[in-house]
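Below is model-v2.txt, which holds compact mmCIF, C-alpha atoms.
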```
# COMPACT_ATOMS: atom_id res chain seq x y z
CA MET A 818 0.00 0.00 0.00
CA ASN A 819 2.84 2.37 0.89
CA GLU A 820 4.52 1.73 -2.40
CA ILE A 821 1.29 2.37 -4.32
CA LEU A 822 0.83 5.68 -2.50
CA LEU A 823 4.44 6.75 -3.15
CA THR A 824 4.07 6.03 -6.87
CA ILE A 825 0.80 7.97 -7.04
CA LEU A 826 2.41 10.90 -5.21
CA ALA A 827 4.99 11.02 -8.02
CA GLY A 828 2.15 12.35 -10.19
CA VAL A 829 1.41 15.29 -7.88
CA PRO A 830 4.07 17.68 -9.30
CA ILE A 831 2.76 17.09 -12.85
CA THR A 832 -0.83 17.68 -11.72
CA LEU A 833 0.20 20.91 -9.96
CA LEU A 834 2.32 22.05 -12.90
CA LEU A 835 -0.53 21.44 -15.33
CA THR A 836 -3.01 23.26 -13.06
CA ALA A 837 -0.66 26.22 -12.59
CA GLY A 838 0.19 26.39 -16.30
CA ALA A 839 -3.45 26.34 -17.40
CA LEU A 840 -4.38 28.86 -14.72
CA VAL A 841 -1.65 31.33 -15.75
CA VAL A 842 -2.76 31.08 -19.39
CA GLY A 843 -6.37 31.60 -18.31
CA VAL A 844 -5.75 34.50 -15.90
CA LEU A 845 -3.77 36.40 -18.57
CA GLY A 846 -5.70 35.30 -21.65
CA GLY A 847 -9.03 36.02 -20.00
CA ILE A 848 -8.22 39.76 -19.91
CA PRO A 849 -8.12 40.47 -23.69
CA LEU A 850 -11.03 38.06 -24.11
CA VAL A 851 -13.27 39.94 -21.66
CA ALA A 852 -12.11 43.27 -23.12
CA ALA A 853 -13.25 42.09 -26.58
CA ARG A 854 -16.44 40.61 -25.11
CA GLN A 855 -17.34 43.97 -23.51
CA SER A 856 -16.25 46.04 -26.51
CA ARG A 857 -18.69 48.41 -28.19
CA ALA A 858 -17.50 47.20 -31.61
CA ALA A 859 -19.57 44.23 -32.76
CA ILE A 860 -16.63 42.98 -34.85
CA LEU A 861 -14.74 42.28 -31.60
CA ARG A 862 -17.70 41.44 -29.38
CA LEU A 863 -19.38 38.73 -31.46
CA PRO A 864 -16.27 36.60 -32.19
CA ALA A 865 -15.28 36.91 -28.52
CA ARG A 866 -18.73 35.71 -27.45
CA ALA A 867 -18.63 32.79 -29.88
CA THR A 868 -15.14 31.83 -28.70
CA ILE A 869 -16.20 31.86 -25.06
CA GLU A 870 -19.33 29.81 -25.79
CA LEU A 871 -17.45 27.19 -27.81
CA LEU A 872 -14.59 26.88 -25.32
CA ARG A 873 -17.07 26.34 -22.49
CA GLY A 874 -19.60 24.34 -24.49
CA ILE A 875 -17.27 21.56 -25.65
CA PRO A 876 -16.16 19.16 -22.88
CA PRO A 877 -12.49 19.46 -21.77
CA ILE A 878 -11.63 15.90 -22.79
CA VAL A 879 -12.93 16.61 -26.32
CA TRP A 880 -10.73 19.73 -26.53
CA LEU A 881 -7.72 17.70 -25.42
CA PHE A 882 -8.47 15.11 -28.10
CA ILE A 883 -8.96 17.80 -30.77
CA ILE A 884 -5.57 19.28 -29.88
CA PHE A 885 -3.58 16.11 -29.18
CA PHE A 886 -4.93 13.79 -31.89
CA GLY A 887 -6.40 16.39 -34.27
CA LEU A 888 -3.79 19.14 -34.41
CA GLY A 889 -1.17 16.53 -33.46
CA THR A 890 -1.62 15.05 -36.94
CA TYR A 891 -0.13 18.24 -38.39
CA VAL A 892 2.06 19.67 -35.62
CA ARG A 893 4.29 17.71 -33.25
CA LEU A 894 2.89 18.07 -29.76
CA ASP A 895 3.72 16.15 -26.62
CA ALA A 896 0.85 15.18 -24.33
CA MET A 897 1.78 17.65 -21.59
CA SER A 898 1.82 20.67 -23.93
CA ALA A 899 -1.44 19.56 -25.56
CA ALA A 900 -3.08 19.28 -22.14
CA ALA A 901 -1.70 22.65 -20.99
CA ILE A 902 -2.87 24.38 -24.19
CA GLY A 903 -6.32 22.77 -24.04
CA LEU A 904 -6.98 23.42 -20.35
CA GLY A 905 -5.38 26.88 -20.70
CA LEU A 906 -7.74 27.88 -23.52
CA ILE A 907 -10.77 26.61 -21.61
CA SER A 908 -9.57 28.57 -18.56
CA CYS A 909 -9.37 31.76 -20.66
CA ALA A 910 -13.09 31.46 -21.40
CA TYR A 911 -14.11 30.70 -17.81
CA LEU A 912 -11.96 33.49 -16.38
CA ALA A 913 -13.26 35.95 -18.98
CA GLU A 914 -16.77 35.21 -17.69
CA ILE A 915 -15.60 35.59 -14.08
CA TYR A 916 -14.02 38.97 -14.94
CA ARG A 917 -17.25 40.00 -16.64
CA GLY A 918 -19.13 39.24 -13.43
CA GLY A 919 -16.55 41.24 -11.49
CA LEU A 920 -16.89 44.23 -13.83
CA ALA A 921 -20.65 44.16 -13.37
CA ALA A 922 -20.21 44.15 -9.59
CA ILE A 923 -18.33 47.47 -9.55
CA ALA A 924 -20.77 50.32 -9.10
CA LYS A 925 -21.39 52.32 -12.26
CA GLY A 926 -21.02 55.54 -10.29
CA GLN A 927 -17.28 54.96 -10.12
CA TRP A 928 -17.01 55.20 -13.92
CA GLU A 929 -19.08 58.38 -13.83
CA ALA A 930 -17.05 59.85 -10.98
CA SER A 931 -13.79 59.18 -12.83
CA ALA A 932 -15.22 60.76 -15.97
CA ALA A 933 -16.33 63.78 -13.95
CA LEU A 934 -12.78 64.10 -12.64
CA GLY A 935 -11.55 64.12 -16.22
CA MET A 936 -9.88 60.67 -16.14
CA PRO A 937 -9.58 58.95 -19.51
CA ARG A 938 -11.38 55.56 -19.89
CA THR A 939 -8.15 53.52 -19.98
CA ALA A 940 -6.82 55.16 -16.82
CA THR A 941 -10.17 54.55 -15.11
CA LEU A 942 -9.94 50.91 -16.07
CA THR A 943 -6.32 50.35 -15.00
CA ARG A 944 -6.24 52.59 -11.90
CA VAL A 945 -9.77 52.49 -10.47
CA ILE A 946 -11.89 49.63 -11.77
CA GLY A 947 -9.29 46.98 -12.64
CA PRO A 948 -7.74 46.55 -9.17
CA GLN A 949 -11.19 46.20 -7.60
CA VAL A 950 -12.36 43.71 -10.23
CA GLY A 951 -9.32 41.60 -9.40
CA ARG A 952 -10.31 41.48 -5.76
CA VAL A 953 -14.00 40.82 -6.39
CA CYS A 954 -13.11 37.93 -8.69
CA ILE A 955 -10.93 36.07 -6.18
CA PRO A 956 -13.61 33.73 -4.74
CA ALA A 957 -14.98 32.67 -8.14
CA ALA A 958 -11.47 32.32 -9.58
CA ALA A 959 -10.42 30.23 -6.58
CA SER A 960 -13.32 27.81 -6.94
CA TYR A 961 -12.54 27.61 -10.64
CA ALA A 962 -8.91 26.81 -9.81
CA ILE A 963 -9.98 24.02 -7.44
CA GLY A 964 -12.25 22.60 -10.14
CA LEU A 965 -9.39 22.88 -12.62
CA LEU A 966 -7.10 20.90 -10.30
CA LYS A 967 -9.61 18.04 -10.46
CA ASP A 968 -10.19 18.50 -14.19
CA THR A 969 -6.49 17.97 -14.93
CA SER A 970 -7.25 14.28 -14.33
CA VAL A 971 -8.65 14.15 -17.89
CA ALA A 972 -5.08 14.62 -19.15
CA PHE A 973 -4.56 10.99 -18.13
CA THR A 974 -6.58 9.96 -21.20
CA ILE A 975 -3.89 11.37 -23.53
CA GLY A 976 -1.06 9.89 -21.44
CA VAL A 977 0.11 12.77 -19.25
CA THR A 978 1.86 11.20 -16.25
CA GLU A 979 -0.26 12.88 -13.57
CA ILE A 980 -1.93 11.38 -10.48
CA LEU A 981 -4.54 9.22 -12.21
CA TYR A 982 -1.96 7.91 -14.70
CA TRP A 983 0.11 6.49 -11.85
CA ALA A 984 -2.99 5.15 -10.09
CA ASN A 985 -3.87 3.29 -13.27
CA ASP A 986 -0.28 2.11 -13.61
CA GLN A 987 -0.30 0.75 -10.04
CA SER A 988 -3.69 -0.85 -10.59
CA ARG A 989 -2.20 -2.85 -13.46
CA GLU A 990 1.03 -3.60 -11.62
CA THR A 991 -0.60 -4.90 -8.44
CA SER A 992 -3.78 -6.19 -10.16
CA ASP A 993 -5.67 -4.37 -7.42
CA ALA A 994 -8.48 -2.53 -9.15
CA PHE A 995 -9.78 -0.66 -6.13
CA TRP A 996 -7.19 0.80 -3.75
CA PRO A 997 -4.94 2.68 -6.22
CA PHE A 998 -7.95 4.68 -7.45
CA VAL A 999 -9.26 5.29 -3.93
CA LEU A 1000 -5.80 6.52 -2.90
CA ALA A 1001 -5.79 8.81 -5.96
CA ALA A 1002 -9.14 10.24 -4.83
CA VAL A 1003 -7.72 10.79 -1.33
CA VAL A 1004 -4.70 12.60 -2.80
CA TYR A 1005 -6.99 14.93 -4.78
CA ILE A 1006 -9.16 15.62 -1.74
CA VAL A 1007 -6.15 16.32 0.48
CA MET A 1008 -4.84 18.73 -2.17
CA THR A 1009 -8.11 20.64 -2.60
CA ILE A 1010 -8.87 21.20 1.12
CA PRO A 1011 -5.92 23.56 1.84
CA CYS A 1012 -6.64 25.34 -1.47
CA ALA A 1013 -10.19 26.05 -0.30
CA TRP A 1014 -8.93 27.36 3.06
CA ALA A 1015 -6.31 29.58 1.42
CA ALA A 1016 -8.91 30.97 -0.98
CA ARG A 1017 -11.28 31.83 1.86
CA ALA A 1018 -8.52 33.62 3.81
CA LEU A 1019 -7.31 35.52 0.75
CA ASP A 1020 -10.85 36.60 -0.09
CA ALA A 1021 -11.47 37.87 3.44
CA SER A 1022 -8.34 40.03 3.38
CA LEU A 1023 -8.86 41.44 -0.13
CA ARG A 1024 -12.58 42.12 0.32
CA LYS A 1025 -11.79 44.96 2.71
CA ARG A 1026 -10.37 47.04 -0.12
CA VAL A 1027 -13.32 47.20 -2.49
CA ALA A 1028 -15.65 50.21 -2.58
CA ARG A 1029 -19.25 49.33 -3.42
CA MET B 606 -17.05 11.62 -45.98
CA ILE B 607 -18.63 13.74 -43.28
CA GLY B 608 -22.05 12.47 -44.39
CA ASP B 609 -20.96 8.91 -43.60
CA TRP B 610 -19.91 9.87 -40.09
CA ILE B 611 -23.10 11.62 -39.07
CA PRO B 612 -25.30 8.53 -38.38
CA SER B 613 -22.63 6.93 -36.22
CA LEU B 614 -21.95 10.17 -34.34
CA LEU B 615 -25.67 10.76 -33.80
CA GLY B 616 -25.92 7.22 -32.42
CA GLY B 617 -23.13 8.13 -30.01
CA LEU B 618 -24.89 11.36 -29.05
CA GLY B 619 -27.99 9.30 -28.25
CA VAL B 620 -25.95 7.14 -25.86
CA SER B 621 -24.51 10.31 -24.25
CA LEU B 622 -28.03 11.70 -23.74
CA LYS B 623 -29.34 8.40 -22.30
CA LEU B 624 -26.41 8.30 -19.92
CA THR B 625 -27.14 11.90 -18.86
CA ALA B 626 -30.77 10.93 -18.17
CA LEU B 627 -29.72 7.87 -16.13
CA SER B 628 -27.20 9.91 -14.12
CA LEU B 629 -29.72 12.64 -13.36
CA GLY B 630 -32.54 10.17 -12.72
CA LEU B 631 -30.49 8.39 -10.06
CA GLY B 632 -28.42 11.38 -8.94
CA LEU B 633 -31.05 14.07 -8.32
CA PRO B 634 -33.09 12.03 -5.79
CA LEU B 635 -29.79 11.14 -4.12
CA GLY B 636 -28.92 14.85 -4.04
CA LEU B 637 -32.27 15.67 -2.39
CA LEU B 638 -31.76 12.94 0.24
CA LEU B 639 -28.24 14.17 0.97
CA ALA B 640 -29.48 17.78 1.18
CA LEU B 641 -32.16 16.78 3.70
CA GLY B 642 -29.53 14.80 5.64
CA ALA B 643 -27.13 17.74 5.66
CA ALA B 644 -29.89 20.01 6.98
CA SER B 645 -30.98 17.48 9.63
CA THR B 646 -31.22 18.49 13.27
CA ARG B 647 -29.46 15.27 14.28
CA ARG B 648 -25.81 16.11 14.62
CA GLY B 649 -24.35 12.67 13.95
CA LEU B 650 -26.35 12.22 10.75
CA ARG B 651 -25.49 15.72 9.58
CA ALA B 652 -21.75 15.21 10.10
CA VAL B 653 -21.74 11.88 8.22
CA VAL B 654 -23.73 13.31 5.29
CA ILE B 655 -21.58 16.45 5.00
CA GLY B 656 -18.46 14.24 5.09
CA LEU B 657 -19.81 12.03 2.29
CA VAL B 658 -20.74 15.07 0.19
CA GLU B 659 -17.26 16.51 0.59
CA LEU B 660 -15.71 13.19 -0.43
CA GLY B 661 -17.99 13.02 -3.47
CA ARG B 662 -17.24 16.58 -4.54
CA GLY B 663 -13.52 16.32 -3.89
CA THR B 664 -13.08 13.24 -6.08
CA PRO B 665 -12.69 14.07 -9.79
CA ALA B 666 -15.49 12.52 -11.87
CA LEU B 667 -12.95 10.53 -13.90
CA VAL B 668 -11.43 9.02 -10.72
CA MET B 669 -14.93 8.16 -9.42
CA LEU B 670 -15.57 6.42 -12.73
CA GLN B 671 -12.42 4.29 -12.42
CA ILE B 672 -13.29 3.40 -8.80
CA VAL B 673 -16.82 2.28 -9.72
CA TYR B 674 -15.94 0.53 -12.97
CA PHE B 675 -12.80 -1.29 -11.86
CA GLY B 676 -13.36 -1.32 -8.11
CA LEU B 677 -16.88 -2.68 -7.68
CA PRO B 678 -16.25 -5.94 -9.62
CA ALA B 679 -13.39 -6.54 -7.16
CA GLY B 680 -16.04 -6.41 -4.43
CA GLY B 681 -18.18 -8.95 -6.30
CA LEU B 682 -20.53 -6.44 -7.98
CA THR B 683 -20.35 -6.52 -11.76
CA PHE B 684 -22.29 -4.17 -14.01
CA SER B 685 -22.09 -3.36 -17.70
CA ALA B 686 -19.88 -0.39 -18.64
CA PHE B 687 -22.99 1.72 -19.31
CA ILE B 688 -24.55 0.98 -15.90
CA SER B 689 -21.22 1.53 -14.09
CA ALA B 690 -20.89 4.85 -15.87
CA GLY B 691 -24.44 5.80 -14.84
CA ILE B 692 -23.84 4.83 -11.20
CA SER B 693 -20.57 6.71 -11.05
CA LEU B 694 -21.93 9.91 -12.63
CA ALA B 695 -25.00 9.62 -10.37
CA LEU B 696 -22.73 9.60 -7.29
CA THR B 697 -20.97 12.74 -8.55
CA THR B 698 -24.37 14.30 -9.38
CA GLY B 699 -25.73 13.48 -5.91
CA ALA B 700 -22.77 15.10 -4.17
CA TYR B 701 -22.83 18.29 -6.23
CA THR B 702 -26.61 18.75 -6.44
CA SER B 703 -27.05 18.19 -2.69
CA GLU B 704 -25.17 21.45 -2.11
CA ILE B 705 -27.29 23.23 -4.73
CA ILE B 706 -30.53 21.86 -3.25
CA ARG B 707 -29.41 22.66 0.30
CA GLY B 708 -28.91 26.28 -0.78
CA GLY B 709 -32.43 26.29 -2.24
CA LEU B 710 -34.00 24.79 0.90
CA GLN B 711 -32.23 27.36 3.07
CA ALA B 712 -33.67 30.15 0.93
CA VAL B 713 -37.18 29.32 2.18
CA PRO B 714 -37.92 31.97 4.84
CA GLN B 715 -37.76 30.85 8.46
CA GLY B 716 -41.14 32.55 9.09
CA GLU B 717 -42.89 29.99 6.87
CA LEU B 718 -41.55 27.16 9.04
CA GLU B 719 -42.78 28.95 12.16
CA ALA B 720 -46.14 29.63 10.52
CA SER B 721 -46.64 26.01 9.54
CA SER B 722 -45.71 24.82 13.01
CA ALA B 723 -48.18 27.35 14.44
CA LEU B 724 -50.83 25.81 12.18
CA GLY B 725 -49.98 22.42 13.64
CA ILE B 726 -48.48 20.99 10.45
CA ASN B 727 -45.96 18.29 11.37
CA HIS B 728 -42.31 18.38 10.33
CA ARG B 729 -42.71 15.88 7.49
CA ASP B 730 -45.64 17.65 5.86
CA THR B 731 -43.89 21.01 6.26
CA LEU B 732 -40.93 19.61 4.32
CA ARG B 733 -43.10 17.93 1.73
CA PHE B 734 -45.61 20.68 1.00
CA ILE B 735 -43.80 23.89 1.93
CA VAL B 736 -40.01 23.65 2.02
CA ILE B 737 -39.15 21.17 -0.78
CA PRO B 738 -41.41 22.60 -3.54
CA GLN B 739 -40.20 26.16 -2.96
CA GLY B 740 -36.59 25.17 -2.34
CA LEU B 741 -36.43 23.16 -5.56
CA ARG B 742 -37.86 26.10 -7.50
CA VAL B 743 -35.06 28.34 -6.18
CA ALA B 744 -32.48 25.65 -7.01
CA LEU B 745 -33.86 25.00 -10.52
CA PRO B 746 -31.55 27.29 -12.59
CA ALA B 747 -28.45 25.94 -10.84
CA LEU B 748 -29.70 22.37 -11.29
CA LEU B 749 -30.21 23.00 -15.02
CA GLY B 750 -26.68 24.39 -15.19
CA PHE B 751 -25.38 21.30 -13.44
CA SER B 752 -27.29 19.03 -15.87
CA ILE B 753 -25.33 20.64 -18.70
CA THR B 754 -22.09 19.97 -16.83
CA ILE B 755 -22.99 16.31 -16.31
CA PHE B 756 -23.88 15.98 -20.01
CA GLN B 757 -20.36 17.25 -20.77
CA ALA B 758 -18.97 14.85 -18.19
CA THR B 759 -20.45 11.84 -20.04
CA SER B 760 -17.55 12.26 -22.47
CA LEU B 761 -15.28 10.91 -19.70
CA VAL B 762 -16.86 7.45 -19.98
CA TYR B 763 -15.03 7.07 -23.28
CA SER B 764 -12.24 5.81 -21.01
CA ILE B 765 -14.27 2.71 -20.02
CA ALA B 766 -15.29 1.94 -23.61
CA VAL B 767 -18.93 3.06 -23.55
CA PRO B 768 -19.79 3.81 -27.21
CA GLU B 769 -20.89 7.42 -26.61
CA LEU B 770 -20.21 10.44 -28.82
CA LEU B 771 -16.50 10.90 -28.08
CA GLY B 772 -15.86 7.15 -28.34
CA LYS B 773 -17.56 6.99 -31.75
CA ALA B 774 -15.63 10.05 -32.97
CA TYR B 775 -12.33 8.61 -31.80
CA SER B 776 -12.94 5.27 -33.49
CA ILE B 777 -13.86 6.99 -36.77
CA GLY B 778 -10.66 9.01 -36.36
CA SER B 779 -8.54 5.92 -35.93
CA GLU B 780 -10.06 4.35 -39.06
CA THR B 781 -9.81 7.40 -41.34
CA PHE B 782 -6.96 9.35 -39.68
CA GLN B 783 -9.16 12.44 -40.04
CA TYR B 784 -8.94 13.05 -36.30
CA LEU B 785 -9.20 16.82 -36.49
CA SER B 786 -12.41 17.00 -38.55
CA VAL B 787 -14.27 14.19 -36.82
CA LEU B 788 -13.33 15.27 -33.29
CA PHE B 789 -14.24 18.87 -34.06
CA LEU B 790 -17.57 17.72 -35.51
CA ALA B 791 -18.23 15.77 -32.32
CA GLY B 792 -17.28 18.88 -30.33
CA LEU B 793 -19.84 20.92 -32.26
CA MET B 794 -22.48 18.30 -31.46
CA TYR B 795 -21.74 18.69 -27.75
CA ALA B 796 -21.88 22.47 -28.16
CA ALA B 797 -25.20 22.20 -30.03
CA ILE B 798 -26.70 20.82 -26.80
CA THR B 799 -24.76 22.73 -24.15
CA ILE B 800 -24.93 26.27 -25.60
CA PRO B 801 -28.75 26.36 -26.01
CA GLY B 802 -28.91 24.57 -22.65
CA SER B 803 -27.04 27.34 -20.87
CA TRP B 804 -29.17 30.01 -22.57
CA LEU B 805 -32.23 28.13 -21.34
CA SER B 806 -30.97 27.99 -17.77
CA GLY B 807 -30.18 31.73 -17.95
CA ARG B 808 -33.74 32.45 -19.12
CA VAL B 809 -35.25 30.27 -16.40
CA GLU B 810 -33.20 32.11 -13.81
CA HIS B 811 -34.35 35.44 -15.19
CA ARG B 812 -38.02 34.39 -15.18
CA LEU B 813 -37.95 32.97 -11.66
CA SER B 814 -36.12 36.00 -10.27
CA ARG B 815 -39.08 38.19 -11.25
CA HIS B 816 -41.13 36.74 -8.42
CA VAL B 817 -38.55 37.03 -5.67
```
What do you get writing this file as structure tokens?
Amino acid sequence: MNEILLTILAGVPITLLLTAGALVVGVLGGIPLVAARQSRAAILRLPARATIELLRGIPPIVWLFIIFFGLGTYVRLDAMSAAAIGLGLISCAYLAEIYRGGLAAIAKGQWEASAALGMPRTATLTRVIGPQVGRVCIPAAASYAIGLLKDTSVAFTIGVTEILYWANDQSRETSDAFWPFVLAAVVYIVMTIPCAWAARALDASLRKRVAR
Amino acid sequence: MIGDWIPSLLGGLGVSLKLTALSLGLGLPLGLLLALGAASTRRGLRAVVIGLVELGRGTPALVMLQIVYFGLPAGGLTFSAFISAGISLALTTGAYTSEIIRGGLQAVPQGELEASSALGINHRDTLRFIVIPQGLRVALPALLGFSITIFQATSLVYSIAVPELLGKAYSIGSETFQYLSVLFLAGLMYAAITIPGSWLSGRVEHRLSRHV
């Protein structure tokens, strides 16, 4: 049992790396996506909306297959990059929607006040609204990140050597079909609990600096 | 070429939809039971139920699937891949929807409970005729949203060889080597269900919020 657990734990760094990679892509990529989604120009707004809908509407495993097997026919891609690209793109769409919710939560009066003070729109966005949106979005982004950590398990299906890959490997090795997978579940649960605590603490401290 | 794939893909989509129905049909009643357990006045019961819900939500759906499909036969229970998939997704559904339903039940004003006890209505009838119908109505948009998620999650059962949409697309891909087109087509079929589905749940939410 110890040996099974140790082997499964070897997948933890890959799971964390994949989660972090996809999250960074999503946190950054979500910004231009929400900017286009909220744009007054239909030529930016409509493609951005369609992109968000498609990225969220197609299941993650299907995206990974499209990238790994589909694009992989034309471009050389290893499983880890394919998984990071796929989950990263999906994260862009989810975070863009979270940012949109955050933008809506900031009182409209703040835009008007900035305009009355003669601040240009971009300065209002980067100096007044943006920092508050970031703080308002923390809880939703944190629950997304926790969900993403669990979703990285789909990368197992294209052969990324993360937690579930090693659980499956141990299941074959020991011909025990039950315990390796249960241990994998325990590892995921143990990983998500401190994340949830950290998110709650971070939210409580950031929430104090948002004007509503 | 694409015309030849459509019947097989549509057959796969049918299996995905049947699996969604089975998962929701088993999972939603389970979610209601767990929600009632988590709101129970008996402390021991409440602690056990909340623990089970946390375990269910912390385990990635794909890991749950491996546990049920490979693990239960080891315990002497053997089901077909389709039934195992349904049971596993129903467990995930039960855990997630219990939290949604619990939120709905808690939204029923405390005064109504006091009023019904003043009228001499017993606890069971209060739940049955007052709390559950209203609570479920509040929870409906979130439950619809979750149904879309579980429909997406049926693509995971490709990994235990259930011939659903992704499985069909992948096998066509491996015969024709046209992975990109066939997988993308399958992705569009998922999106053709999930995108209207999320619009629908948005509209339901909007309609119900008029009366709050």
I'd like the neighbourhood of A:Met818 as a PyMOL selection string, where a residue qualifies if any of its atoms comes within 12 Å (using all atoms listed in the file), though same-chain residues fewer than 4 positions away should be ignored. chain A and resi 822-825+984+987-988+991+993+995-1000
Any idea which chain A residues end up within 7 Å of chain B if we count only C-alpha atoms, as a list in words please?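 Listing them in order of chain and number gives Glu870, Leu871, Gly874, Ile875, Pro876, Ile878, Val879, Ile883, Phe886, Gly887, Leu888, Lys967, Asp968, Ser970, Val971, Ala994, Phe995, Phe998, Val999, Ala1002, Tyr1005 and Ile1006 of chain A.
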File of the preceding selection, C-alpha atoms, as a tab-separated table (two decimals), in the frame of the given file:
```tsv
chain	number	residue	atom	x	y	z
A	870	GLU	CA	-19.33	29.81	-25.79
A	871	LEU	CA	-17.45	27.19	-27.81
A	874	GLY	CA	-19.60	24.34	-24.49
A	875	ILE	CA	-17.27	21.56	-25.65
A	876	PRO	CA	-16.16	19.16	-22.88
A	878	ILE	CA	-11.63	15.90	-22.79
A	879	VAL	CA	-12.93	16.61	-26.32
A	883	ILE	CA	-8.96	17.80	-30.77
A	886	PHE	CA	-4.93	13.79	-31.89
A	887	GLY	CA	-6.40	16.39	-34.27
A	888	LEU	CA	-3.79	19.14	-34.41
A	967	LYS	CA	-9.61	18.04	-10.46
A	968	ASP	CA	-10.19	18.50	-14.19
A	970	SER	CA	-7.25	14.28	-14.33
A	971	VAL	CA	-8.65	14.15	-17.89
A	994	ALA	CA	-8.48	-2.53	-9.15
A	995	PHE	CA	-9.78	-0.66	-6.13
A	998	PHE	CA	-7.95	4.68	-7.45
A	999	VAL	CA	-9.26	5.29	-3.93
A	1002	ALA	CA	-9.14	10.24	-4.83
A	1005	TYR	CA	-6.99	14.93	-4.78
A	1006	ILE	CA	-9.16	15.62	-1.74
```
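Excluding A:Ala959 itself and any same-chain residue fewer than 3 positions from it, the protein and nucleic acid residues within 10 Å of it, counting only C-alpha atoms, are Cys954, Ile955, Pro956, Ala962, Ile963, Gly964, Leu965, Cys1012, Ala1013, Ala1015, Ala1016, Arg1017, Leu1019 and Asp1020 of chain A.
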Have a look at atom CA of B:Ile726 and atom CA of B:Leu635 and let me know their distance in Å, one decimal. 25.7 Å
What does the distance from atom CA of A:Asp986 to atom CA of A:Ile821 come to in Å, to one decimal?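 Those two atoms sit 9.4 Å apart.
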Residue with smallest distance to A:Ala924 - pool A:Ala867, A:Ala852, A:Val1027, A:Ile975, counting only C-alpha atoms: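 Once distances to A:Ala924 are computed over only C-alpha atoms, the minimum belongs to A:Val1027.
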Of the candidates A:Val1004, A:Ala896, A:Ile923, A:Leu850, which one gets nearest to A:Ala827 if we count all atoms listed in the file?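 Looking only at the distances to A:Ala827, the closest residue turns out to be A:Val1004.
The space between atom CA of A:Pro948 and atom CA of A:Trp928 spans 13.5 Å.
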Contacts of stretch 735-737 of chain B within 12 Å, all atoms listed in the file, excl. fewer than 5 positions in-chain, as number ranges by chain: B: 637-638, 640-641, 644, 706-722, 726-730, 742-745
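Among the candidate residues A:Val851, A:Met1008, A:Ala921, A:Ala913, the one lying nearest to A:Leu833 is A:Met1008, with distances computed using all atoms listed in the file.
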Closest of B:Gly725, B:Gly691, B:Gly740, B:Gly699 to B:Val654 - atom-to-atom distances counting only C-alpha atoms: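 Smallest separation from B:Val654 among the options: B:Gly699.
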If we count only C-alpha atoms and set the cut-off at 10 Å, which residues sit around B:Lys623, ignoring sequence neighbours fewer than 4 positions away in its own chain? Please answer as an MDAnalysis selection string. chainID B and resid 617:619 627:629 687 691 756 759 769
Go ahead and save the picked residues with C-alpha atoms, as an mmCIF file, in the frame of the given file.
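Result saved to part_38.cif:
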```
data_model
loop_
_atom_site.group_PDB
_atom_site.id
_atom_site.type_symbol
_atom_site.label_atom_id
_atom_site.label_comp_id
_atom_site.auth_asym_id
_atom_site.auth_seq_id
_atom_site.Cartn_x
_atom_site.Cartn_y
_atom_site.Cartn_z
ATOM 1 C CA GLY B 617 -23.130 8.130 -30.010
ATOM 2 C CA LEU B 618 -24.890 11.360 -29.050
ATOM 3 C CA GLY B 619 -27.990 9.300 -28.250
ATOM 4 C CA LEU B 627 -29.720 7.870 -16.130
ATOM 5 C CA SER B 628 -27.200 9.910 -14.120
ATOM 6 C CA LEU B 629 -29.720 12.640 -13.360
ATOM 7 C CA PHE B 687 -22.990 1.720 -19.310
ATOM 8 C CA GLY B 691 -24.440 5.800 -14.840
ATOM 9 C CA PHE B 756 -23.880 15.980 -20.010
ATOM 10 C CA THR B 759 -20.450 11.840 -20.040
ATOM 11 C CA GLU B 769 -20.890 7.420 -26.610
#
```
